[in-house]
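Trainee: Here you go, final03.cif (mmCIF, C-alpha atoms):
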data_final
loop_
_atom_site.label_atom_id
_atom_site.label_comp_id
_atom_site.auth_asym_id
_atom_site.auth_seq_id
_atom_site.Cartn_x
_atom_site.Cartn_y
_atom_site.Cartn_z
CA MET A 1 -4.34 -30.49 -3.11
CA LYS A 2 -4.14 -31.29 0.62
CA ARG A 3 -0.80 -29.51 0.82
CA VAL A 4 -2.23 -26.39 -0.84
CA ARG A 5 -5.17 -26.38 1.59
CA LYS A 6 -2.79 -26.75 4.54
CA ILE A 7 -0.65 -23.85 3.30
CA ILE A 8 -3.73 -21.66 2.77
CA PHE A 9 -5.07 -22.59 6.22
CA ASN A 10 -1.73 -21.79 7.90
CA LEU A 11 -1.48 -18.48 6.04
CA ALA A 12 -5.04 -17.52 7.01
CA LEU A 13 -4.36 -18.50 10.62
CA ALA A 14 -1.18 -16.41 10.71
CA LEU A 15 -3.00 -13.42 9.25
CA CYS A 16 -5.81 -13.72 11.79
CA LEU A 17 -3.64 -14.37 14.85
CA GLY A 18 -0.68 -12.20 13.88
CA PRO A 19 -2.05 -8.97 15.36
CA LEU A 20 -2.75 -10.79 18.65
CA LEU A 21 0.78 -12.12 19.10
CA PRO A 22 3.41 -10.06 20.95
CA GLY A 23 6.05 -8.38 18.84
CA THR A 24 4.10 -8.36 15.58
CA SER A 25 3.18 -4.66 15.57
CA ALA A 26 6.79 -3.55 15.07
CA ALA A 27 6.90 -5.30 11.70
CA GLN A 28 3.96 -3.17 10.55
CA ASP A 29 5.61 0.20 11.30
CA GLY A 30 7.67 0.60 8.13
CA PRO A 31 6.77 0.38 4.45
CA GLN A 32 5.11 -2.86 3.40
CA VAL A 33 5.43 -4.82 0.16
CA PHE A 34 2.24 -6.48 -1.08
CA ASP A 35 2.61 -9.36 -3.55
CA VAL A 36 -0.39 -9.50 -5.88
CA VAL A 37 -0.16 -12.75 -7.81
CA ILE A 38 -2.68 -12.91 -10.63
CA SER A 39 -3.86 -16.46 -11.38
CA PHE A 40 -5.96 -17.68 -14.27
CA ASP A 41 -7.91 -20.94 -14.40
CA PRO A 42 -8.35 -21.92 -18.07
CA SER A 43 -10.99 -24.55 -17.26
CA THR A 44 -13.37 -21.93 -15.84
CA GLU A 45 -11.85 -18.88 -17.57
CA THR A 46 -11.70 -17.06 -14.23
CA MET A 47 -9.07 -14.90 -12.63
CA SER A 48 -8.15 -14.78 -8.96
CA PHE A 49 -5.71 -12.76 -6.87
CA SER A 50 -3.53 -13.47 -3.88
CA LEU A 51 -4.80 -10.16 -2.45
CA ASP A 52 -8.11 -8.46 -3.26
CA PRO A 53 -8.48 -5.86 -2.05
CA VAL A 54 -4.93 -4.72 -1.46
CA VAL A 55 -5.00 -2.53 1.68
CA VAL A 56 -2.15 -0.01 1.90
CA GLU A 57 -1.50 2.90 4.23
CA GLN A 58 -1.31 6.51 3.11
CA GLY A 59 2.19 7.99 3.27
CA ARG A 60 3.92 4.84 4.60
CA GLY A 61 5.88 4.14 1.42
CA ASP A 62 4.14 0.86 0.59
CA ARG A 63 4.83 -0.98 -2.67
CA ILE A 64 2.80 -3.47 -4.69
CA VAL A 65 4.48 -6.24 -6.69
CA PHE A 66 2.24 -7.49 -9.49
CA SER A 67 2.93 -10.83 -11.22
CA ALA A 68 1.04 -13.41 -13.28
CA PRO A 69 3.32 -16.40 -13.80
CA ASP A 70 1.02 -18.61 -15.88
CA VAL A 71 -0.21 -16.20 -18.56
CA GLU A 72 1.22 -14.88 -21.83
CA SER A 73 0.91 -11.25 -20.77
CA TRP A 74 -0.82 -9.16 -18.13
CA ARG A 75 -1.81 -5.52 -17.64
CA VAL A 76 -2.98 -3.49 -14.66
CA ALA A 77 -4.61 -0.17 -15.58
CA PHE A 78 -6.55 2.64 -13.96
CA ALA A 79 -9.23 4.30 -16.09
CA GLU A 80 -8.19 7.47 -17.89
CA GLY A 81 -9.08 10.48 -15.76
CA ALA A 82 -9.76 8.36 -12.66
CA PRO A 83 -7.49 8.81 -9.65
CA SER A 84 -4.72 6.26 -9.15
CA PRO A 85 -2.86 5.45 -5.93
CA LEU A 86 0.14 4.25 -7.95
CA ARG A 87 2.88 6.25 -9.61
CA SER A 88 2.10 4.52 -12.92
CA ARG A 89 -1.43 4.47 -14.37
CA VAL A 90 -0.54 1.35 -16.44
CA VAL A 91 1.69 -1.53 -15.32
CA GLN A 92 2.27 -4.55 -17.55
CA GLY A 93 4.47 -7.54 -18.15
CA SER A 94 4.75 -11.00 -19.60
CA GLY A 95 3.94 -14.07 -17.56
CA ARG A 96 7.53 -14.32 -16.41
CA GLN A 97 7.86 -10.67 -15.35
CA SER A 98 6.83 -9.01 -12.13
CA ARG A 99 6.59 -5.28 -11.54
CA ASN A 100 7.32 -3.51 -8.26
CA VAL A 101 5.25 -0.31 -8.12
CA PRO A 102 5.25 2.36 -5.38
CA VAL A 103 2.06 3.69 -3.85
CA VAL A 104 2.26 7.49 -4.02
CA PRO A 105 2.54 9.01 -0.53
CA GLU A 106 -0.15 11.59 -1.31
CA ALA A 107 -2.75 9.03 -2.44
CA ALA A 108 -6.00 10.03 -0.76
CA PRO A 109 -7.67 7.49 1.52
CA GLY A 110 -10.37 5.59 -0.33
CA THR A 111 -11.10 2.69 -2.66
CA TYR A 112 -9.55 2.55 -6.14
CA LYS A 113 -10.88 0.12 -8.74
CA TYR A 114 -8.45 -0.99 -11.42
CA ASN A 115 -8.62 -3.29 -14.42
CA VAL A 116 -6.52 -6.41 -14.71
CA SER A 117 -6.27 -8.00 -18.14
CA VAL A 118 -4.51 -11.28 -18.88
CA THR A 119 -3.91 -12.91 -22.23
CA VAL A 120 -4.03 -16.70 -22.36
CA GLY A 121 -4.16 -18.72 -25.57
CA GLY A 122 -4.51 -15.55 -27.60
CA ARG A 123 -7.68 -14.49 -25.69
CA THR A 124 -7.86 -11.57 -23.25
CA TYR A 125 -9.82 -11.67 -19.98
CA THR A 126 -10.47 -8.67 -17.71
CA VAL A 127 -11.66 -8.15 -14.13
CA ASP A 128 -11.65 -5.17 -11.75
CA PRO A 129 -10.23 -5.71 -8.25
CA GLU A 130 -9.53 -2.91 -5.74
CA ILE A 131 -6.77 -1.14 -3.86
CA VAL A 132 -7.82 0.47 -0.58
CA VAL A 133 -5.73 3.32 0.83
CA ARG A 134 -6.38 3.76 4.52
CA PRO A 135 -5.39 6.81 6.58
CA PRO A 136 -2.18 6.57 8.61
CA ARG A 137 -2.53 4.93 12.00
CA SER A 138 -2.00 7.27 14.90
CA GLY A 139 0.08 6.29 17.85
#
Would you mind writing the file's structure down as structure tokens?

Mentor:
Amino acid sequence: MKRVRKIIFNLALALCLGPLLPGTSAAQDGPQVFDVVISFDPSTETMSFSLDPVVVEQGRGDRIVFSAPDVESWRVAFAEGAPSPLRSRVVQGSGRQSRNVPVVPEAAPGTYKYNVSVTVGGRTYTVDPEIVVRPPRSG
């Protein structure tokens, strides 16, 4: 548990200090890949995400990789008729599969709620995290 806390602390520190360090802005210029790892805690029957919200940039060519290693199956879906920033309205896999999905370049800036469902022990659990598309940075 101490090791996990140390890793989380170091990651949080890097995310906070990264923009202040010289040479870090160049890494942000091109398309980014965002790993969204879906976790499920069977003792509390709660889901958590490595990123929520996922913040992408309009027109940059970003991609989101969804995975849920400790579940039987998982599904990411945008409501029928609702706008989606992803090329696919539904993305799914088994616990051992990840899916790499592009953000459409023409996705309008804004907040997009989506449903994540996981199946564990034959039961399905659902929550609704967000993807935020921000306008391109000028400069």

Trainee: At a cut-off of 9 Å, using all atoms listed in the file, what residues contact Phe66 of chain A? Leave out same-chain residues fewer than 4 positions from it and give the result as a ChimeraX atom specification.

Mentor: /A:34-38,76,91-93,97-101

Trainee: Choose the residue, out of A:Val90, A:Val120, A:Val104, A:Val54, that has the smallest atom-to-atom separation from Asp70 of chain A; count all atoms listed in the file.

Mentor: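 Nearest candidate to Asp70 of chain A out of A:Val90, A:Val120, A:Val104, A:Val54: A:Val120.
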
Trainee: From the list A:Thr44, A:Gln32, A:Ser50, A:Ser88, which residue is nearest Asp62 of chain A when using only C-alpha atoms?

Mentor: A:Gln32

Trainee: Which residue, A:Pro135, A:Gly61, A:Gly30, A:Pro42, has the smallest gap to Ala108 of chain A when you use all atoms listed in the file?

Mentor: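 Checking each of A:Pro135, A:Gly61, A:Gly30, A:Pro42 against Ala108 of chain A, counting all atoms listed in the file, the winner is A:Pro135.
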
Trainee: I need the residue nearest Glu80 of chain A from this list: A:Val133, A:Asn115, A:Val56, A:Glu106. Use all atoms listed in the file for the distance.

Mentor: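 Comparing A:Val133, A:Asn115, A:Val56, A:Glu106 against Glu80 of chain A, the winner is A:Asn115.
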
Trainee: Rounded to one decimal, what separation in Å do you get between atom CA of Gly59 of chain A and atom CA of Val116 of chain A?

Mentor: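 For atom CA of Gly59 of chain A relative to atom CA of Val116 of chain A, the distance reads 24.6 Å.
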
Trainee: Would you kindly place N, CA and C atoms on segment 59-90 of chain A and return the model as an mmCIF file, in the coordinates of the input?

Mentor:
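Here's the written file result-v6.cif:
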data_model
loop_
_atom_site.group_PDB
_atom_site.id
_atom_site.type_symbol
_atom_site.label_atom_id
_atom_site.label_comp_id
_atom_site.auth_asym_id
_atom_site.auth_seq_id
_atom_site.Cartn_x
_atom_site.Cartn_y
_atom_site.Cartn_z
ATOM 1 N N GLY A 59 0.946 7.381 2.836
ATOM 2 C CA GLY A 59 2.190 7.990 3.270
ATOM 3 C C GLY A 59 3.226 7.071 3.876
ATOM 4 N N ARG A 60 2.993 5.775 3.962
ATOM 5 C CA ARG A 60 3.920 4.840 4.600
ATOM 6 C C ARG A 60 5.050 4.416 3.670
ATOM 7 N N GLY A 61 4.856 4.581 2.360
ATOM 8 C CA GLY A 61 5.880 4.140 1.420
ATOM 9 C C GLY A 61 5.680 2.714 0.940
ATOM 10 N N ASP A 62 4.436 2.227 1.004
ATOM 11 C CA ASP A 62 4.140 0.860 0.590
ATOM 12 C C ASP A 62 4.400 0.666 -0.904
ATOM 13 N N ARG A 63 4.620 -0.593 -1.276
ATOM 14 C CA ARG A 63 4.830 -0.980 -2.670
ATOM 15 C C ARG A 63 3.962 -2.188 -2.975
ATOM 16 N N ILE A 64 3.569 -2.306 -4.245
ATOM 17 C CA ILE A 64 2.800 -3.470 -4.690
ATOM 18 C C ILE A 64 3.590 -4.142 -5.801
ATOM 19 N N VAL A 65 3.797 -5.451 -5.658
ATOM 20 C CA VAL A 65 4.480 -6.240 -6.690
ATOM 21 C C VAL A 65 3.416 -7.068 -7.398
ATOM 22 N N PHE A 66 3.197 -6.756 -8.676
ATOM 23 C CA PHE A 66 2.240 -7.490 -9.490
ATOM 24 C C PHE A 66 2.978 -8.569 -10.279
ATOM 25 N N SER A 67 2.378 -9.762 -10.382
ATOM 26 C CA SER A 67 2.930 -10.830 -11.220
ATOM 27 C C SER A 67 1.793 -11.747 -11.658
ATOM 28 N N ALA A 68 2.018 -12.441 -12.752
ATOM 29 C CA ALA A 68 1.040 -13.410 -13.280
ATOM 30 C C ALA A 68 1.829 -14.494 -13.991
ATOM 31 N N PRO A 69 2.371 -15.437 -13.237
ATOM 32 C CA PRO A 69 3.320 -16.400 -13.800
ATOM 33 C C PRO A 69 2.808 -17.349 -14.870
ATOM 34 N N ASP A 70 1.506 -17.598 -14.946
ATOM 35 C CA ASP A 70 1.020 -18.610 -15.880
ATOM 36 C C ASP A 70 0.221 -18.048 -17.049
ATOM 37 N N VAL A 71 0.495 -16.801 -17.434
ATOM 38 C CA VAL A 71 -0.210 -16.200 -18.560
ATOM 39 C C VAL A 71 0.806 -15.693 -19.581
ATOM 40 N N GLU A 72 0.332 -15.405 -20.794
ATOM 41 C CA GLU A 72 1.220 -14.880 -21.830
ATOM 42 C C GLU A 72 1.630 -13.449 -21.520
ATOM 43 N N SER A 73 0.640 -12.630 -21.149
ATOM 44 C CA SER A 73 0.910 -11.250 -20.770
ATOM 45 C C SER A 73 -0.176 -10.776 -19.819
ATOM 46 N N TRP A 74 0.120 -9.714 -19.081
ATOM 47 C CA TRP A 74 -0.820 -9.160 -18.130
ATOM 48 C C TRP A 74 -0.696 -7.643 -18.121
ATOM 49 N N ARG A 75 -1.784 -6.987 -17.666
ATOM 50 C CA ARG A 75 -1.810 -5.520 -17.640
ATOM 51 C C ARG A 75 -2.715 -5.076 -16.494
ATOM 52 N N VAL A 76 -2.221 -4.132 -15.716
ATOM 53 C CA VAL A 76 -2.980 -3.490 -14.660
ATOM 54 C C VAL A 76 -3.145 -2.043 -15.093
ATOM 55 N N ALA A 77 -4.384 -1.532 -15.106
ATOM 56 C CA ALA A 77 -4.610 -0.170 -15.580
ATOM 57 C C ALA A 77 -5.730 0.510 -14.804
ATOM 58 N N PHE A 78 -5.524 1.790 -14.553
ATOM 59 C CA PHE A 78 -6.550 2.640 -13.960
ATOM 60 C C PHE A 78 -7.187 3.427 -15.093
ATOM 61 N N ALA A 79 -8.498 3.608 -15.028
ATOM 62 C CA ALA A 79 -9.230 4.300 -16.090
ATOM 63 C C ALA A 79 -8.678 5.709 -16.294
ATOM 64 N N GLU A 80 -8.645 6.125 -17.534
ATOM 65 C CA GLU A 80 -8.190 7.470 -17.890
ATOM 66 C C GLU A 80 -9.041 8.498 -17.145
ATOM 67 N N GLY A 81 -8.376 9.433 -16.490
ATOM 68 C CA GLY A 81 -9.080 10.480 -15.760
ATOM 69 C C GLY A 81 -9.476 10.098 -14.338
ATOM 70 N N ALA A 82 -9.438 8.810 -14.020
ATOM 71 C CA ALA A 82 -9.760 8.360 -12.660
ATOM 72 C C ALA A 82 -8.506 8.480 -11.793
ATOM 73 N N PRO A 83 -8.672 8.737 -10.509
ATOM 74 C CA PRO A 83 -7.490 8.810 -9.650
ATOM 75 C C PRO A 83 -6.812 7.450 -9.528
ATOM 76 N N SER A 84 -5.497 7.483 -9.325
ATOM 77 C CA SER A 84 -4.720 6.260 -9.150
ATOM 78 C C SER A 84 -3.832 6.402 -7.924
ATOM 79 N N PRO A 85 -3.754 5.377 -7.080
ATOM 80 C CA PRO A 85 -2.860 5.450 -5.930
ATOM 81 C C PRO A 85 -1.416 5.068 -6.281
ATOM 82 N N LEU A 86 -1.189 4.675 -7.528
ATOM 83 C CA LEU A 86 0.140 4.250 -7.950
ATOM 84 C C LEU A 86 0.810 5.318 -8.797
ATOM 85 N N ARG A 87 2.126 5.293 -8.816
ATOM 86 C CA ARG A 87 2.880 6.250 -9.610
ATOM 87 C C ARG A 87 2.617 6.057 -11.106
ATOM 88 N N SER A 88 2.375 4.829 -11.512
ATOM 89 C CA SER A 88 2.100 4.520 -12.920
ATOM 90 C C SER A 88 0.619 4.187 -13.086
ATOM 91 N N ARG A 89 -0.012 4.755 -14.088
ATOM 92 C CA ARG A 89 -1.430 4.470 -14.370
ATOM 93 C C ARG A 89 -1.575 3.099 -15.036
ATOM 94 N N VAL A 90 -0.534 2.655 -15.774
ATOM 95 C CA VAL A 90 -0.540 1.350 -16.440
ATOM 96 C C VAL A 90 0.734 0.608 -16.067
#
